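Contents: one structure, followed by commentary.
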Amino acid sequence: MGVNPADQTLIEWFLAQGSRFWLGDLSLVTDRMNSPDGVNLLTNATNLLAGALLAPVTFLFGAPTSFAVLVAGNLAGTAIGWYLLFARGFGLHRAAAAVAGGVCGFAPAMMSQSNSHTHITMQWLLPPIVYCLLRLTRGRTPVRTGLALGALIVAQFFGGQEVLFFAAMTLGLFTIGYAAFDRDLARRAARPVLVGLGVGAGLAVAVLAYPLWVEFKGPQSVPNGPFSPEFFSADLASYAKFSPLSWAGRDGDGGAFAPNATELNTFLGAPLLIMVAAAVAYRWRHPAVRAATIVGVLMAWLSLGPTVTVAGEQTGFPALYGLLHGLPVIDGALPSRFALTLLPLVATVLALALDAALRHGGVARYVLPAATALALVPILPLPLDTVHRPAVPEFFAAGHWKTCVRTGGVLVPVPLPSPPDPESLRWAVAADAAFGVPEGFFIGPYGGGGKASMGVYSQPTAALLADVRRTGVVPEVTAETRRVAQADVGHWNASCITLGPTVHRDELKATLDLLYGPGERVADVWVWRVKP
């Protein structure tokens, strides 16, 4: 990915780790990264479900291929899932359902998050979840449907917890709103819905009780999110802007209205906002349109963060998120991502309006589809930027690593993988995460007072090698330096140090020779075999 390549490396590692599910590795805290302390996989955006599902692709072609399949599959799967829900679950006109599915799967926010945030774009389980709720409102097999709902919730938990949180919040508010506008349906559906939700919740709680404990109270858990809500808040003006990743925004200034290119969550564009307003007016009597409108306004307000920003200027006006900031779970959600919930809400409004126009609409039969097309064409997605990456050293790609570290052992790659450059983590990915590495690119409890941090503080030898890589200067190595270097190897429980392609490689080799004795050339890396 041309945007956010560091996160791509991390996701590829998570996919490799997730594939180990079929090898009997059911760890929720693993020492394959950040050895010896390990990484809490549930505290991080691990995509465990995707790793397990794509294991055959990973084993045959490697985790980078699985990553490519996941990026494209999430977009297509989400669009197809919503299309099927609108067309078959709700019985809407196929053209209306296709428009809604396209919005849910390929809107600017989804394209933006596709820059390595695959845990966010993995939304293809949401339509089946909504379908289960739909069956419950119709009183169909509440116990069996509740079990299916519980199973889907468990699956989405391991596929993307943030999406599950947003879905639960949005569906809860939408259900309350719908019930307020259709009280007859609420009375008829109350019993089967409550039975189904009870069964689903019971199953989900039984399965997820231990994973939730691990995530919030277990080893390497963190009490807070590592990112500032002020930085990742939406600019109110961005809603009317075109995303730089869309056809109409490719040469515009939209990128200046978001924290970075991976969080373009609000860029619907003025034409689509006008179209949605017209669709709301056209179908206002429908309870779903009313509920979607109210919930959409609330979610858009939440996306603005603690205070409202307009065109880059802080107004000081308090936003809804400010009332919730600091609450558990909500504190870990980036404010601008609440805008992601607008996609199915907007799609619902458009689908209901188009369905009515195409089935019954007179002049509207022609005007509304044409207006919808004019509103959507500007946000058609552009191809995601890509760049060439350096090849993984043959030492790892061809399996030579097995000569100096056993499966499950610890290998120290130099340079060490740490924020913001975890490139050497790709070497472990090439081995399907078969060995552990020190440090890494992850969320862990290494901030002040055990709060969240990106990565871990470096051991003295790791810091020394990082200085050599940055400056190109070989340091003076004393007996004390060698003693510390041996102690760090003991801390990491490592049996092998490897020096791969990097800047100032000769200086790094000279430093490692001084610390650990002469290195050995194996394939295209230098190797130092050490005693853990």
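Note on naming: chains are A, B, ... as they come in the structure tokens, residues start from 1 per chain, ligands start from 1 in the order shown.
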Next on the checklist: Would you pick out the contacts of A:Ala96 at 7 Å or less, using only C-alpha atoms, so that residues sharing its chain but fewer than 4 positions from it are not included, and give the list as a PyMOL selection string?
Outcome noted: chain A and resi 92+100+351+354-355
Any chance you can output those residues with C-alpha atoms as a short mmCIF file (atom, residue, chain, number, x, y, z; two decimals), in the first residue's frame?
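Produced file again20.cif, reproduced below:
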```
data_model
loop_
_atom_site.label_atom_id
_atom_site.label_comp_id
_atom_site.auth_asym_id
_atom_site.auth_seq_id
_atom_site.Cartn_x
_atom_site.Cartn_y
_atom_site.Cartn_z
CA LEU A 92 -36.66 -4.04 -2.15
CA ALA A 100 -27.37 0.60 -1.28
CA ALA A 351 -32.83 2.22 -1.02
CA LEU A 354 -35.46 4.39 -4.91
CA ASP A 355 -37.67 1.37 -4.26
#
```
Next on the checklist: Excluding stretch 176-184 of chain A and its own-chain neighbours fewer than 4 positions away, which residues fall within 12 Å of it when counting only C-alpha atoms? Please give them as a list in words.
Outcome noted: Thr137, Met169, Thr170, Leu171, Gly172, Arg188, Ala189, Ala190, Val193, Trp284, Arg285, His286, Pro287, Ala288, Val289, Arg290, Ala291, Ala292, Thr293, Ile294, Val295, Gly296 and Leu298 of chain A
Checklist entry - Quick one: residues within 8 Å of A:Ile129, only C-alpha atoms counted, chain neighbours fewer than 5 positions away excluded, as a ChimeraX atom specification? => result /A:149,152-153
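Here atom CA of A:Ser243 and atom CA of A:Glu423 stand 28.8 Å from one another.
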Checklist entry - Could you name the residues that touch stretch 315-330 of chain A at 9 Å or less, counting only C-alpha atoms, but leaving out those on the same chain fewer than 3 positions away, as a VMD selection string? => result chain A and resid 165 223 to 225 229 298 301 to 310 333 to 335
Output N, CA and C atoms of each residue in that selection to a file, as an mmCIF file, in the first residue's frame.
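Contents of the output file result.cif:
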```
data_model
loop_
_atom_site.group_PDB
_atom_site.id
_atom_site.type_symbol
_atom_site.label_atom_id
_atom_site.label_comp_id
_atom_site.auth_asym_id
_atom_site.auth_seq_id
_atom_site.Cartn_x
_atom_site.Cartn_y
_atom_site.Cartn_z
ATOM 1 N N PHE A 165 -18.869 -2.949 17.934
ATOM 2 C CA PHE A 165 -19.311 -1.907 18.863
ATOM 3 C C PHE A 165 -20.180 -0.871 18.146
ATOM 4 N N PRO A 223 -5.526 0.055 29.759
ATOM 5 C CA PRO A 223 -6.759 0.643 30.303
ATOM 6 C C PRO A 223 -7.365 1.737 29.433
ATOM 7 N N ASN A 224 -6.693 2.074 28.323
ATOM 8 C CA ASN A 224 -7.160 3.211 27.526
ATOM 9 C C ASN A 224 -6.732 3.028 26.075
ATOM 10 N N GLY A 225 -7.269 3.859 25.202
ATOM 11 C CA GLY A 225 -6.828 3.877 23.821
ATOM 12 C C GLY A 225 -5.585 4.734 23.683
ATOM 13 N N PRO A 229 -8.386 11.645 20.957
ATOM 14 C CA PRO A 229 -9.665 11.884 20.280
ATOM 15 C C PRO A 229 -9.702 13.256 19.604
ATOM 16 N N LEU A 298 -27.175 11.825 15.152
ATOM 17 C CA LEU A 298 -26.454 11.564 16.406
ATOM 18 C C LEU A 298 -25.046 11.057 16.135
ATOM 19 N N TRP A 301 -22.818 13.768 14.839
ATOM 20 C CA TRP A 301 -22.452 14.655 15.950
ATOM 21 C C TRP A 301 -21.341 14.021 16.796
ATOM 22 N N LEU A 302 -21.441 12.722 17.058
ATOM 23 C CA LEU A 302 -20.392 12.022 17.804
ATOM 24 C C LEU A 302 -19.054 12.065 17.068
ATOM 25 N N SER A 303 -19.095 12.003 15.749
ATOM 26 C CA SER A 303 -17.854 11.966 14.971
ATOM 27 C C SER A 303 -17.050 13.248 15.092
ATOM 28 N N LEU A 304 -17.663 14.329 15.542
ATOM 29 C CA LEU A 304 -16.982 15.623 15.620
ATOM 30 C C LEU A 304 -16.010 15.709 16.787
ATOM 31 N N GLY A 305 -16.033 14.720 17.676
ATOM 32 C CA GLY A 305 -15.095 14.711 18.792
ATOM 33 C C GLY A 305 -15.565 15.575 19.952
ATOM 34 N N PRO A 306 -14.649 15.914 20.867
ATOM 35 C CA PRO A 306 -15.044 16.664 22.065
ATOM 36 C C PRO A 306 -15.612 18.051 21.762
ATOM 37 N N THR A 307 -15.044 18.751 20.765
ATOM 38 C CA THR A 307 -15.554 20.076 20.388
ATOM 39 C C THR A 307 -15.645 20.160 18.873
ATOM 40 N N VAL A 308 -16.467 21.065 18.385
ATOM 41 C CA VAL A 308 -16.738 21.167 16.956
ATOM 42 C C VAL A 308 -15.626 21.950 16.262
ATOM 43 N N THR A 309 -15.120 21.349 15.154
ATOM 44 C CA THR A 309 -14.144 22.011 14.291
ATOM 45 C C THR A 309 -14.783 22.229 12.928
ATOM 46 N N VAL A 310 -14.643 23.443 12.390
ATOM 47 C CA VAL A 310 -15.200 23.770 11.076
ATOM 48 C C VAL A 310 -14.086 24.341 10.208
ATOM 49 N N ALA A 333 -12.577 4.245 21.067
ATOM 50 C CA ALA A 333 -13.049 4.418 19.695
ATOM 51 C C ALA A 333 -12.666 5.808 19.189
ATOM 52 N N LEU A 334 -12.078 5.872 18.009
ATOM 53 C CA LEU A 334 -11.732 7.169 17.437
ATOM 54 C C LEU A 334 -13.015 7.885 17.020
ATOM 55 N N PRO A 335 -13.190 9.154 17.419
ATOM 56 C CA PRO A 335 -14.458 9.843 17.147
ATOM 57 C C PRO A 335 -14.863 9.841 15.682
#
```
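Excluding A:Tyr239 and any residue on its chain fewer than 3 positions from it, the residues at most 10 Å away by only C-alpha atoms are Ala234, Asp235, Leu236, Phe242, Ser243, Gly254, Phe257, Leu264, Asn265, Thr266, Phe267, Leu268, Gly269, Ala270, Leu272, Leu273, Ala300 and Ala339 of chain A.
If you measure from each of A:Leu194, A:Val154, A:Leu26, A:Ile443 to A:Leu133 using only C-alpha atoms, the closest one turns out to be A:Leu194.
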